[in-house]
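Undergrad: Take this structure first; my questions come after.
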Amino acid sequence: MTEKRALITGITGQDGSYLAEFLLEKGYEVFGLVRRTSTITFSRIQHIQDRITLVSGDMQDQTSLTNALRDFRPLEVYNLAAQSFVPASWQQPVFTGDVTGLGVTRMLDAIRTVNPAIRFYQASSSEMFGKVQEVPQKETTSFYPRSPYGVAKVYGHWITVNYRESYDLHANSGILFNHESSRRGLEFVTRKVTYHAAAIKLGLKSELLIGNLESQRDWGFAGDYVEAMWLMLQQEKADDYVVATGETHTVEKLVNIAFNCVDLDWHDYVKQDERFMRPAEVDLLIGDASKARAKLGWKPKVSFEQLVQMMVEADYNTLKAQHNL
């Protein structure tokens, strides 16, 4: 049995799939916690499913988390599981709080009980900054979340700090700013834009309905960001780190680049729709990742333009193949 054993919650998501690939390349034995539901989608990990062990468990069930740690004895736990779609957190605020917030406590308590030597990574989020108190945002910036998701992430973040300081756990928080890829769900604005640009070019769609074009985000490539997660757990001391590109772009710029990739003028196809406006908008998120650069030696490799191009090309090729075009 290898000494490198990691458990990933949320392994079927975008980040989970990239992290699993990354850890397998590092020679890890990888375990993925999956919930028993009627619709489990393994599409993102299909290509590596024979190389990982899937473990039945639920962030809402303490016993299943304790059993997973006891049975599979991971030395690192990466908690990526969450109800992570921000707009849905208004429709399901209690569920979001339970999974995204209290779920962290359940896992930390399971670690404390089973093996306090386990190193823990908590997926914190730039959404915790919300109505930003300073620009750019760093580890010491005050939180002001603007959604039930952001509020739940603040709880998860502080309970991680609390367990680290109270029980001397190697518990880390990565405050990750927006990170995207072709594995992003279609409900997220980046993937919605790249998918529609490709679909319109192929004659499969005629328009793109979108929310706030002026909204600004710090967008990076998910494949770059999972390396930062791993680096945190290799440090002697646990800590919290902002992971970001340090650049900000508007949704309008995202749209412009995506449609340019397929030689279309976005003005001809894009319409703003009130339904996609948030009740409380987060206007400007931009991260200062100088601590991660200095202490972890981490920096992003893929530029924003390269990321959007990559996503549009992946969507174009997938749609072309699906529709025999």
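Naming works like this for the structure tokens: A, B, ... for the chains as they're shown, residue 1 at the start of each chain, ligands 1 onward in shown order.
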Where does DSSP see strand (DSSP E) in range 76-243 of chain A, if you list the residues as a PyMOL selection string?
TA: chain A and resi 76-79+119-125+170-176+179-180+208-210+216-217+220-221+240-243
Undergrad: Quick one: residues within 8 Å of range 54-57 of chain A, only C-alpha atoms, excluding same-chain residues fewer than 3 positions away - as a PDB file with N, CA, C and O atoms, in the first residue's frame?
TA:
```pdb
ATOM      1  N   PHE A  31      -8.726   8.163  -3.566  1.00  0.00           N
ATOM      2  CA  PHE A  31     -10.072   7.740  -3.193  1.00  0.00           C
ATOM      3  C   PHE A  31     -11.017   8.923  -3.394  1.00  0.00           C
ATOM      4  O   PHE A  31     -10.665  10.054  -3.063  1.00  0.00           O
ATOM      5  N   GLY A  32     -12.182   8.663  -3.947  1.00  0.00           N
ATOM      6  CA  GLY A  32     -13.145   9.739  -4.190  1.00  0.00           C
ATOM      7  C   GLY A  32     -14.452   9.473  -3.476  1.00  0.00           C
ATOM      8  O   GLY A  32     -15.065   8.413  -3.652  1.00  0.00           O
ATOM      9  N   LEU A  33     -14.877  10.422  -2.644  1.00  0.00           N
ATOM     10  CA  LEU A  33     -16.142  10.281  -1.918  1.00  0.00           C
ATOM     11  C   LEU A  33     -17.294  10.647  -2.844  1.00  0.00           C
ATOM     12  O   LEU A  33     -17.310  11.738  -3.421  1.00  0.00           O
ATOM     13  N   VAL A  34     -18.234   9.740  -3.032  1.00  0.00           N
ATOM     14  CA  VAL A  34     -19.402  10.024  -3.881  1.00  0.00           C
ATOM     15  C   VAL A  34     -20.690   9.712  -3.132  1.00  0.00           C
ATOM     16  O   VAL A  34     -20.777   8.759  -2.374  1.00  0.00           O
ATOM     17  N   ARG A  35     -21.668  10.555  -3.373  1.00  0.00           N
ATOM     18  CA  ARG A  35     -22.973  10.450  -2.732  1.00  0.00           C
ATOM     19  C   ARG A  35     -23.839   9.466  -3.499  1.00  0.00           C
ATOM     20  O   ARG A  35     -23.802   9.413  -4.723  1.00  0.00           O
ATOM     21  N   ARG A  36     -24.645   8.701  -2.788  1.00  0.00           N
ATOM     22  CA  ARG A  36     -25.593   7.808  -3.456  1.00  0.00           C
ATOM     23  C   ARG A  36     -26.801   8.630  -3.878  1.00  0.00           C
ATOM     24  O   ARG A  36     -27.591   9.064  -3.063  1.00  0.00           O
ATOM     25  N   ASP A  61     -23.725  13.349   6.360  1.00  0.00           N
ATOM     26  CA  ASP A  61     -23.786  12.163   7.213  1.00  0.00           C
ATOM     27  C   ASP A  61     -22.436  11.910   7.891  1.00  0.00           C
ATOM     28  O   ASP A  61     -21.502  11.421   7.260  1.00  0.00           O
ATOM     29  N   SER A  64     -20.763   8.272   7.772  1.00  0.00           N
ATOM     30  CA  SER A  64     -20.149   7.850   6.503  1.00  0.00           C
ATOM     31  C   SER A  64     -18.762   8.459   6.316  1.00  0.00           C
ATOM     32  O   SER A  64     -17.870   7.831   5.746  1.00  0.00           O
ATOM     33  N   LEU A  65     -18.558   9.678   6.812  1.00  0.00           N
ATOM     34  CA  LEU A  65     -17.250  10.335   6.702  1.00  0.00           C
ATOM     35  C   LEU A  65     -16.236   9.654   7.628  1.00  0.00           C
ATOM     36  O   LEU A  65     -15.096   9.392   7.227  1.00  0.00           O
ATOM     37  N   ALA A  68     -15.298   6.328   6.107  1.00  0.00           N
ATOM     38  CA  ALA A  68     -14.416   6.482   4.939  1.00  0.00           C
ATOM     39  C   ALA A  68     -12.967   6.668   5.385  1.00  0.00           C
ATOM     40  O   ALA A  68     -12.044   6.069   4.820  1.00  0.00           O
TER      41      ALA A  68
END
```
Undergrad: From the DSSP assignment of the backbone, select every residue of range 74-228 of chain A that is alpha helix (DSSP H), and format the answer as a short mmCIF file (atom, residue, chain, number, x, y, z; two decimals) with all heavy atoms, in the first residue's frame.
TA:
```
data_model
loop_
_atom_site.label_atom_id
_atom_site.label_comp_id
_atom_site.auth_asym_id
_atom_site.auth_seq_id
_atom_site.Cartn_x
_atom_site.Cartn_y
_atom_site.Cartn_z
N ALA A 88 -28.09 29.05 -7.27
CA ALA A 88 -28.90 28.00 -6.65
C ALA A 88 -28.93 28.13 -5.13
O ALA A 88 -29.84 27.62 -4.48
CB ALA A 88 -28.39 26.62 -7.05
N SER A 89 -27.93 28.83 -4.56
CA SER A 89 -27.89 28.94 -3.10
C SER A 89 -29.03 29.80 -2.57
O SER A 89 -29.37 29.73 -1.39
CB SER A 89 -26.53 29.47 -2.63
OG SER A 89 -26.33 30.83 -2.94
N TRP A 90 -29.63 30.64 -3.42
CA TRP A 90 -30.83 31.38 -2.97
C TRP A 90 -32.06 30.48 -2.99
O TRP A 90 -32.95 30.65 -2.17
CB TRP A 90 -31.07 32.60 -3.87
CG TRP A 90 -30.29 33.81 -3.44
CD1 TRP A 90 -30.54 34.62 -2.38
CD2 TRP A 90 -29.13 34.34 -4.06
NE1 TRP A 90 -29.61 35.62 -2.31
CE2 TRP A 90 -28.73 35.47 -3.33
CE3 TRP A 90 -28.38 33.96 -5.18
CZ2 TRP A 90 -27.63 36.24 -3.67
CZ3 TRP A 90 -27.27 34.73 -5.52
CH2 TRP A 90 -26.91 35.85 -4.77
N GLN A 91 -32.11 29.54 -3.92
CA GLN A 91 -33.25 28.61 -3.97
C GLN A 91 -33.13 27.53 -2.89
O GLN A 91 -34.13 27.03 -2.40
CB GLN A 91 -33.31 27.90 -5.34
CG GLN A 91 -34.07 28.69 -6.41
CD GLN A 91 -33.20 29.76 -7.04
OE1 GLN A 91 -32.11 29.47 -7.51
NE2 GLN A 91 -33.67 31.01 -7.05
N PRO A 93 -31.08 27.66 0.29
CA PRO A 93 -30.14 28.23 1.27
C PRO A 93 -29.81 27.30 2.43
O PRO A 93 -28.67 27.27 2.90
CB PRO A 93 -30.86 29.50 1.75
CG PRO A 93 -32.31 29.27 1.47
CD PRO A 93 -32.36 28.42 0.24
N VAL A 94 -30.79 26.53 2.91
CA VAL A 94 -30.56 25.64 4.05
C VAL A 94 -29.68 24.46 3.65
O VAL A 94 -28.70 24.12 4.34
CB VAL A 94 -31.90 25.15 4.66
CG1 VAL A 94 -31.64 24.17 5.80
CG2 VAL A 94 -32.71 26.35 5.17
N PHE A 95 -29.97 23.87 2.50
CA PHE A 95 -29.16 22.76 1.97
C PHE A 95 -27.73 23.23 1.72
O PHE A 95 -26.76 22.56 2.07
CB PHE A 95 -29.79 22.23 0.68
CG PHE A 95 -28.95 21.22 -0.04
CD1 PHE A 95 -28.80 19.93 0.46
CD2 PHE A 95 -28.28 21.55 -1.23
CE1 PHE A 95 -28.01 18.99 -0.19
CE2 PHE A 95 -27.49 20.62 -1.89
CZ PHE A 95 -27.36 19.33 -1.37
N THR A 96 -27.59 24.43 1.13
CA THR A 96 -26.26 24.99 0.85
C THR A 96 -25.48 25.16 2.16
O THR A 96 -24.31 24.81 2.25
CB THR A 96 -26.38 26.35 0.12
OG1 THR A 96 -27.06 26.14 -1.12
CG2 THR A 96 -25.01 26.96 -0.15
N GLY A 103 -20.90 20.67 6.54
CA GLY A 103 -20.18 19.52 6.01
C GLY A 103 -18.69 19.57 6.34
O GLY A 103 -18.06 18.54 6.60
N VAL A 104 -18.14 20.77 6.36
CA VAL A 104 -16.72 20.96 6.69
C VAL A 104 -16.47 20.53 8.14
O VAL A 104 -15.50 19.84 8.44
CB VAL A 104 -16.29 22.43 6.50
CG1 VAL A 104 -14.78 22.58 6.69
CG2 VAL A 104 -16.72 22.95 5.14
N THR A 105 -17.37 20.93 9.03
CA THR A 105 -17.25 20.56 10.45
C THR A 105 -17.30 19.06 10.63
O THR A 105 -16.53 18.48 11.41
CB THR A 105 -18.39 21.19 11.28
OG1 THR A 105 -18.59 22.53 10.85
CG2 THR A 105 -18.08 21.16 12.75
N ARG A 106 -18.22 18.41 9.90
CA ARG A 106 -18.34 16.95 10.01
C ARG A 106 -17.04 16.27 9.61
O ARG A 106 -16.58 15.34 10.27
CB ARG A 106 -19.50 16.45 9.15
CG ARG A 106 -20.87 16.92 9.64
CD ARG A 106 -22.01 16.28 8.85
NE ARG A 106 -23.28 16.93 9.19
CZ ARG A 106 -23.91 17.81 8.44
NH1 ARG A 106 -23.42 18.15 7.26
NH2 ARG A 106 -25.04 18.36 8.84
N MET A 107 -16.44 16.74 8.51
CA MET A 107 -15.19 16.12 8.05
C MET A 107 -14.05 16.40 9.01
O MET A 107 -13.26 15.50 9.34
CB MET A 107 -14.84 16.61 6.64
CG MET A 107 -13.57 15.99 6.07
SD MET A 107 -13.65 14.17 5.95
CE MET A 107 -14.43 14.00 4.33
N LEU A 108 -13.94 17.63 9.49
CA LEU A 108 -12.87 17.98 10.43
C LEU A 108 -13.01 17.17 11.73
O LEU A 108 -12.01 16.71 12.29
CB LEU A 108 -12.91 19.48 10.76
CG LEU A 108 -12.34 20.40 9.67
CD1 LEU A 108 -12.77 21.84 9.93
CD2 LEU A 108 -10.82 20.30 9.60
N ASP A 109 -14.23 16.98 12.17
CA ASP A 109 -14.44 16.21 13.40
C ASP A 109 -14.13 14.74 13.18
O ASP A 109 -13.61 14.06 14.07
CB ASP A 109 -15.87 16.39 13.91
CG ASP A 109 -15.89 16.48 15.43
OD1 ASP A 109 -15.15 17.31 15.98
OD2 ASP A 109 -16.62 15.68 16.06
N ALA A 110 -14.41 14.24 11.97
CA ALA A 110 -14.07 12.86 11.64
C ALA A 110 -12.55 12.69 11.65
O ALA A 110 -12.02 11.69 12.16
CB ALA A 110 -14.64 12.49 10.27
N ILE A 111 -11.82 13.67 11.11
CA ILE A 111 -10.35 13.63 11.10
C ILE A 111 -9.82 13.66 12.53
O ILE A 111 -8.95 12.86 12.91
CB ILE A 111 -9.78 14.82 10.29
CG1 ILE A 111 -10.03 14.60 8.79
CG2 ILE A 111 -8.29 15.02 10.57
CD1 ILE A 111 -9.73 15.81 7.91
N ARG A 112 -10.37 14.56 13.35
CA ARG A 112 -9.95 14.67 14.76
C ARG A 112 -10.14 13.35 15.50
O ARG A 112 -9.30 12.94 16.30
CB ARG A 112 -10.77 15.78 15.43
CG ARG A 112 -10.41 16.07 16.87
CD ARG A 112 -11.27 17.17 17.44
NE ARG A 112 -12.66 16.76 17.61
CZ ARG A 112 -13.13 16.12 18.69
NH1 ARG A 112 -12.30 15.79 19.67
NH2 ARG A 112 -14.41 15.81 18.78
N THR A 113 -11.23 12.66 15.19
CA THR A 113 -11.57 11.40 15.86
C THR A 113 -10.74 10.23 15.35
O THR A 113 -10.24 9.42 16.13
CB THR A 113 -13.07 11.08 15.65
OG1 THR A 113 -13.84 12.22 16.02
CG2 THR A 113 -13.51 9.89 16.48
N VAL A 114 -10.61 10.11 14.04
CA VAL A 114 -9.97 8.93 13.43
C VAL A 114 -8.45 9.03 13.40
O VAL A 114 -7.74 8.11 13.81
CB VAL A 114 -10.51 8.69 11.99
CG1 VAL A 114 -9.78 7.54 11.32
CG2 VAL A 114 -12.01 8.43 12.03
N PRO A 148 -26.04 33.14 0.01
CA PRO A 148 -26.02 32.03 0.98
C PRO A 148 -24.78 31.14 0.79
O PRO A 148 -24.23 30.62 1.75
CB PRO A 148 -27.31 31.28 0.69
CG PRO A 148 -28.23 32.32 0.13
CD PRO A 148 -27.35 33.22 -0.69
N TYR A 149 -24.35 30.98 -0.46
CA TYR A 149 -23.14 30.19 -0.74
C TYR A 149 -21.92 30.85 -0.09
O TYR A 149 -21.12 30.20 0.59
CB TYR A 149 -22.93 30.08 -2.26
CG TYR A 149 -21.59 29.51 -2.65
CD1 TYR A 149 -21.32 28.15 -2.54
CD2 TYR A 149 -20.58 30.35 -3.14
CE1 TYR A 149 -20.08 27.63 -2.91
CE2 TYR A 149 -19.34 29.84 -3.50
CZ TYR A 149 -19.10 28.49 -3.39
OH TYR A 149 -17.88 27.99 -3.75
N GLY A 150 -21.78 32.17 -0.29
CA GLY A 150 -20.66 32.91 0.29
C GLY A 150 -20.66 32.83 1.80
O GLY A 150 -19.61 32.64 2.43
N VAL A 151 -21.84 32.94 2.40
CA VAL A 151 -21.99 32.86 3.86
C VAL A 151 -21.56 31.47 4.36
O VAL A 151 -20.82 31.34 5.35
CB VAL A 151 -23.44 33.16 4.29
CG1 VAL A 151 -23.64 32.89 5.78
CG2 VAL A 151 -23.81 34.61 3.96
N ALA A 152 -22.00 30.42 3.65
CA ALA A 152 -21.66 29.05 4.03
C ALA A 152 -20.15 28.82 3.92
O ALA A 152 -19.55 28.15 4.76
CB ALA A 152 -22.40 28.06 3.14
N LYS A 153 -19.53 29.40 2.89
CA LYS A 153 -18.09 29.26 2.70
C LYS A 153 -17.31 29.97 3.82
O LYS A 153 -16.24 29.51 4.22
CB LYS A 153 -17.66 29.80 1.34
CG LYS A 153 -17.90 28.82 0.19
CD LYS A 153 -16.99 27.60 0.29
CE LYS A 153 -17.11 26.68 -0.92
NZ LYS A 153 -16.28 25.47 -0.77
N VAL A 154 -17.84 31.11 4.30
CA VAL A 154 -17.20 31.81 5.42
C VAL A 154 -17.21 30.92 6.66
O VAL A 154 -16.20 30.80 7.36
CB VAL A 154 -17.88 33.17 5.71
CG1 VAL A 154 -17.37 33.77 7.02
CG2 VAL A 154 -17.64 34.16 4.57
N TYR A 155 -18.35 30.27 6.90
CA TYR A 155 -18.43 29.33 8.04
C TYR A 155 -17.39 28.22 7.88
O TYR A 155 -16.63 27.91 8.81
CB TYR A 155 -19.84 28.73 8.14
CG TYR A 155 -19.94 27.71 9.25
CD1 TYR A 155 -20.34 28.08 10.53
CD2 TYR A 155 -19.61 26.38 9.03
CE1 TYR A 155 -20.40 27.16 11.57
CE2 TYR A 155 -19.66 25.45 10.05
CZ TYR A 155 -20.05 25.83 11.31
OH TYR A 155 -20.10 24.92 12.33
N GLY A 156 -17.34 27.62 6.67
CA GLY A 156 -16.39 26.53 6.42
C GLY A 156 -14.95 26.98 6.61
O GLY A 156 -14.12 26.23 7.14
N HIS A 157 -14.68 28.20 6.21
CA HIS A 157 -13.33 28.75 6.34
C HIS A 157 -12.95 28.91 7.82
O HIS A 157 -11.89 28.45 8.25
CB HIS A 157 -13.26 30.12 5.64
CG HIS A 157 -11.93 30.79 5.76
ND1 HIS A 157 -10.89 30.52 4.91
CD2 HIS A 157 -11.46 31.71 6.66
CE1 HIS A 157 -9.84 31.25 5.26
NE2 HIS A 157 -10.16 31.98 6.31
N TRP A 158 -13.83 29.55 8.58
CA TRP A 158 -13.50 29.83 9.98
C TRP A 158 -13.49 28.58 10.85
O TRP A 158 -12.72 28.50 11.82
CB TRP A 158 -14.43 30.89 10.56
CG TRP A 158 -14.04 32.28 10.16
CD1 TRP A 158 -14.76 33.17 9.42
CD2 TRP A 158 -12.79 32.95 10.45
NE1 TRP A 158 -14.06 34.34 9.23
CE2 TRP A 158 -12.84 34.23 9.85
CE3 TRP A 158 -11.65 32.58 11.15
CZ2 TRP A 158 -11.79 35.14 9.94
CZ3 TRP A 158 -10.59 33.49 11.23
CH2 TRP A 158 -10.68 34.75 10.64
N ILE A 159 -14.31 27.59 10.52
CA ILE A 159 -14.29 26.34 11.31
C ILE A 159 -12.98 25.59 11.04
O ILE A 159 -12.44 24.92 11.92
CB ILE A 159 -15.54 25.46 11.05
CG1 ILE A 159 -15.77 24.50 12.24
CG2 ILE A 159 -15.47 24.67 9.76
CD1 ILE A 159 -16.24 25.17 13.51
N THR A 160 -12.44 25.76 9.82
CA THR A 160 -11.14 25.15 9.50
C THR A 160 -10.03 25.80 10.34
O THR A 160 -9.20 25.11 10.93
CB THR A 160 -10.82 25.30 7.99
OG1 THR A 160 -11.86 24.65 7.24
CG2 THR A 160 -9.48 24.69 7.63
N VAL A 161 -10.04 27.13 10.40
CA VAL A 161 -9.08 27.85 11.24
C VAL A 161 -9.24 27.44 12.70
O VAL A 161 -8.26 27.19 13.42
CB VAL A 161 -9.28 29.39 11.11
CG1 VAL A 161 -8.40 30.15 12.10
CG2 VAL A 161 -8.99 29.84 9.67
N ASN A 162 -10.51 27.33 13.14
CA ASN A 162 -10.83 26.98 14.52
C ASN A 162 -10.28 25.61 14.91
O ASN A 162 -9.68 25.45 15.99
CB ASN A 162 -12.35 27.02 14.69
CG ASN A 162 -12.76 27.17 16.14
OD1 ASN A 162 -13.12 26.19 16.76
ND2 ASN A 162 -12.69 28.38 16.67
N TYR A 163 -10.48 24.62 14.04
CA TYR A 163 -9.99 23.27 14.33
C TYR A 163 -8.46 23.22 14.27
O TYR A 163 -7.83 22.49 15.03
CB TYR A 163 -10.60 22.25 13.36
CG TYR A 163 -11.87 21.63 13.89
CD1 TYR A 163 -13.02 22.39 14.08
CD2 TYR A 163 -11.93 20.28 14.23
CE1 TYR A 163 -14.18 21.84 14.57
CE2 TYR A 163 -13.09 19.71 14.73
CZ TYR A 163 -14.22 20.50 14.90
OH TYR A 163 -15.37 19.93 15.39
N ARG A 164 -7.87 24.00 13.38
CA ARG A 164 -6.40 24.06 13.29
C ARG A 164 -5.83 24.58 14.61
O ARG A 164 -4.87 24.02 15.15
CB ARG A 164 -6.00 24.99 12.14
CG ARG A 164 -4.50 25.20 12.01
CD ARG A 164 -4.17 25.90 10.70
NE ARG A 164 -4.50 27.32 10.69
CZ ARG A 164 -5.00 27.97 9.64
NH1 ARG A 164 -5.28 27.34 8.52
NH2 ARG A 164 -5.24 29.27 9.71
N GLU A 165 -6.44 25.65 15.12
CA GLU A 165 -5.91 26.30 16.32
C GLU A 165 -6.30 25.56 17.61
O GLU A 165 -5.55 25.58 18.59
CB GLU A 165 -6.38 27.76 16.37
CG GLU A 165 -5.77 28.58 15.23
CD GLU A 165 -6.28 30.02 15.18
OE1 GLU A 165 -7.22 30.34 15.94
OE2 GLU A 165 -5.74 30.81 14.38
N SER A 166 -7.46 24.91 17.59
CA SER A 166 -7.94 24.23 18.80
C SER A 166 -7.37 22.83 18.97
O SER A 166 -7.09 22.39 20.09
CB SER A 166 -9.47 24.13 18.78
OG SER A 166 -10.05 25.41 18.66
N TYR A 167 -7.19 22.11 17.85
CA TYR A 167 -6.77 20.70 17.92
C TYR A 167 -5.43 20.44 17.24
O TYR A 167 -5.03 19.30 17.07
CB TYR A 167 -7.85 19.80 17.29
CG TYR A 167 -9.19 19.94 17.96
CD1 TYR A 167 -10.27 20.49 17.27
CD2 TYR A 167 -9.39 19.54 19.28
CE1 TYR A 167 -11.52 20.62 17.87
CE2 TYR A 167 -10.64 19.67 19.89
CZ TYR A 167 -11.69 20.21 19.18
OH TYR A 167 -12.93 20.34 19.79
N VAL A 189 -21.24 30.99 -15.83
CA VAL A 189 -21.23 31.98 -16.91
C VAL A 189 -20.13 31.76 -17.95
O VAL A 189 -20.36 31.88 -19.14
CB VAL A 189 -21.18 33.43 -16.35
CG1 VAL A 189 -19.84 33.75 -15.72
CG2 VAL A 189 -21.50 34.44 -17.46
N THR A 190 -18.93 31.36 -17.50
CA THR A 190 -17.84 31.15 -18.47
C THR A 190 -18.19 30.06 -19.47
O THR A 190 -18.07 30.25 -20.68
CB THR A 190 -16.54 30.75 -17.74
OG1 THR A 190 -16.87 29.80 -16.73
CG2 THR A 190 -15.85 31.94 -17.12
N ARG A 191 -18.63 28.92 -18.95
CA ARG A 191 -18.95 27.79 -19.83
C ARG A 191 -20.20 28.09 -20.65
O ARG A 191 -20.30 27.70 -21.82
CB ARG A 191 -19.15 26.54 -18.96
CG ARG A 191 -19.45 25.28 -19.72
CD ARG A 191 -18.23 24.70 -20.44
NE ARG A 191 -18.66 23.79 -21.51
CZ ARG A 191 -19.27 22.64 -21.29
NH1 ARG A 191 -19.51 22.22 -20.07
NH2 ARG A 191 -19.65 21.88 -22.32
N LYS A 192 -21.15 28.79 -20.07
CA LYS A 192 -22.36 29.18 -20.81
C LYS A 192 -21.98 30.01 -22.03
O LYS A 192 -22.50 29.81 -23.13
CB LYS A 192 -23.28 29.99 -19.87
CG LYS A 192 -24.60 30.41 -20.49
CD LYS A 192 -25.43 31.19 -19.47
CE LYS A 192 -26.69 31.73 -20.09
NZ LYS A 192 -27.52 32.47 -19.12
N VAL A 193 -21.03 30.92 -21.85
CA VAL A 193 -20.59 31.80 -22.94
C VAL A 193 -19.84 31.01 -24.01
O VAL A 193 -20.13 31.12 -25.21
CB VAL A 193 -19.70 32.95 -22.39
CG1 VAL A 193 -18.99 33.68 -23.52
CG2 VAL A 193 -20.55 33.93 -21.58
N THR A 194 -18.86 30.18 -23.59
CA THR A 194 -18.06 29.45 -24.59
C THR A 194 -18.91 28.43 -25.34
O THR A 194 -18.75 28.25 -26.54
CB THR A 194 -16.84 28.76 -23.94
OG1 THR A 194 -17.27 27.78 -22.99
CG2 THR A 194 -15.94 29.78 -23.25
N TYR A 195 -19.82 27.79 -24.63
CA TYR A 195 -20.72 26.80 -25.25
C TYR A 195 -21.61 27.47 -26.30
O TYR A 195 -21.78 26.98 -27.41
CB TYR A 195 -21.56 26.13 -24.16
CG TYR A 195 -22.59 25.14 -24.69
CD1 TYR A 195 -22.24 23.79 -24.86
CD2 TYR A 195 -23.89 25.53 -25.00
CE1 TYR A 195 -23.18 22.88 -25.33
CE2 TYR A 195 -24.82 24.62 -25.47
CZ TYR A 195 -24.46 23.30 -25.64
OH TYR A 195 -25.39 22.40 -26.11
N HIS A 196 -22.19 28.61 -25.92
CA HIS A 196 -23.10 29.32 -26.85
C HIS A 196 -22.35 29.88 -28.06
O HIS A 196 -22.88 29.86 -29.17
CB HIS A 196 -23.87 30.42 -26.12
CG HIS A 196 -25.10 29.92 -25.43
ND1 HIS A 196 -25.04 29.25 -24.22
CD2 HIS A 196 -26.41 29.95 -25.79
CE1 HIS A 196 -26.27 28.90 -23.87
NE2 HIS A 196 -27.11 29.31 -24.79
N ALA A 197 -21.14 30.38 -27.85
CA ALA A 197 -20.35 30.88 -28.98
C ALA A 197 -20.13 29.76 -29.99
O ALA A 197 -20.33 29.95 -31.20
CB ALA A 197 -19.02 31.43 -28.49
N ALA A 198 -19.76 28.58 -29.50
CA ALA A 198 -19.53 27.42 -30.37
C ALA A 198 -20.83 26.97 -31.04
O ALA A 198 -20.87 26.70 -32.25
CB ALA A 198 -18.92 26.28 -29.57
N ALA A 199 -21.92 26.90 -30.23
CA ALA A 199 -23.21 26.43 -30.75
C ALA A 199 -23.79 27.38 -31.80
O ALA A 199 -24.37 26.95 -32.80
CB ALA A 199 -24.19 26.25 -29.60
N ILE A 200 -23.62 28.69 -31.59
CA ILE A 200 -24.11 29.69 -32.56
C ILE A 200 -23.30 29.57 -33.86
O ILE A 200 -23.86 29.60 -34.95
CB ILE A 200 -24.05 31.11 -31.97
CG1 ILE A 200 -25.11 31.27 -30.86
CG2 ILE A 200 -24.28 32.16 -33.05
CD1 ILE A 200 -24.97 32.51 -29.98
N LYS A 201 -22.00 29.40 -33.73
CA LYS A 201 -21.15 29.25 -34.92
C LYS A 201 -21.56 28.03 -35.75
O LYS A 201 -21.53 28.06 -36.99
CB LYS A 201 -19.68 29.12 -34.49
CG LYS A 201 -18.70 28.99 -35.65
CD LYS A 201 -18.64 30.26 -36.49
CE LYS A 201 -17.58 30.16 -37.58
NZ LYS A 201 -17.57 31.36 -38.43
N ALA A 222 -8.56 26.01 -13.95
CA ALA A 222 -8.71 25.06 -12.84
C ALA A 222 -7.53 24.11 -12.71
O ALA A 222 -7.10 23.77 -11.61
CB ALA A 222 -10.01 24.27 -13.01
N GLY A 223 -6.98 23.68 -13.85
CA GLY A 223 -5.83 22.77 -13.83
C GLY A 223 -4.62 23.35 -13.13
O GLY A 223 -3.84 22.63 -12.50
N ASP A 224 -4.45 24.68 -13.22
CA ASP A 224 -3.35 25.36 -12.50
C ASP A 224 -3.62 25.40 -11.00
O ASP A 224 -2.70 25.27 -10.18
CB ASP A 224 -3.21 26.81 -12.99
CG ASP A 224 -2.59 26.91 -14.38
OD1 ASP A 224 -2.02 25.91 -14.86
OD2 ASP A 224 -2.70 27.99 -14.99
N TYR A 225 -4.89 25.58 -10.64
CA TYR A 225 -5.23 25.85 -9.24
C TYR A 225 -5.14 24.61 -8.34
O TYR A 225 -4.90 24.73 -7.14
CB TYR A 225 -6.62 26.49 -9.14
CG TYR A 225 -6.63 27.95 -9.56
CD1 TYR A 225 -5.85 28.40 -10.63
CD2 TYR A 225 -7.40 28.89 -8.89
CE1 TYR A 225 -5.84 29.74 -11.02
CE2 TYR A 225 -7.40 30.24 -9.27
CZ TYR A 225 -6.62 30.65 -10.33
OH TYR A 225 -6.61 31.96 -10.72
N VAL A 226 -5.34 23.40 -8.91
CA VAL A 226 -5.26 22.20 -8.07
C VAL A 226 -3.84 21.96 -7.57
O VAL A 226 -3.63 21.38 -6.50
CB VAL A 226 -5.82 20.94 -8.78
CG1 VAL A 226 -7.29 21.12 -9.10
CG2 VAL A 226 -5.03 20.58 -10.04
N GLU A 227 -2.85 22.45 -8.32
CA GLU A 227 -1.46 22.32 -7.85
C GLU A 227 -1.26 23.10 -6.56
O GLU A 227 -0.55 22.65 -5.64
CB GLU A 227 -0.48 22.82 -8.92
CG GLU A 227 0.97 22.63 -8.51
CD GLU A 227 1.98 23.27 -9.46
OE1 GLU A 227 1.58 24.08 -10.32
OE2 GLU A 227 3.17 22.95 -9.31
N ALA A 228 -1.90 24.27 -6.45
CA ALA A 228 -1.78 25.08 -5.24
C ALA A 228 -2.38 24.34 -4.03
O ALA A 228 -1.84 24.41 -2.92
CB ALA A 228 -2.49 26.42 -5.43
#
```
Undergrad: Counting only C-alpha atoms, figure out which residue out of A:Thr141, A:Pro87, A:Asn212, A:Glu76 gets nearest to Ala171 in chain A.
TA: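 The answer is A:Glu76, which sits nearest to Ala171 in chain A.
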Undergrad: Interatomic distance between CA of Trp230 in chain A and CA of Ser303 in chain A?
TA: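 CA of Ser303 in chain A lies at a distance of 21.0 Å from CA of Trp230 in chain A.
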Undergrad: For Ala294 in chain A, please output as a ChimeraX atom specification all residues within 12 Å (counting only C-alpha atoms; exclusion window: fewer than 5 positions along the same chain).
TA: /A:241-243,288-289,299
Undergrad: Which residues, written as a list in words, have at least one atom at most 9 Å from Val135 in chain A, with only C-alpha atoms counted and residues fewer than 3 positions away on the same chain left out?
TA: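 Listed by chain and then number, they are Val132, Lys138, Thr141, Leu284, Leu285, Ile286, Gly287 and Asp288 of chain A.
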Undergrad: Find the spatial neighbours of Asp273 in chain A, counting only C-alpha atoms, within a cut-off of 6 Å - ignore same-chain residues fewer than 5 positions away - and output them as a VMD selection string.
TA: chain A and resid 209 to 211
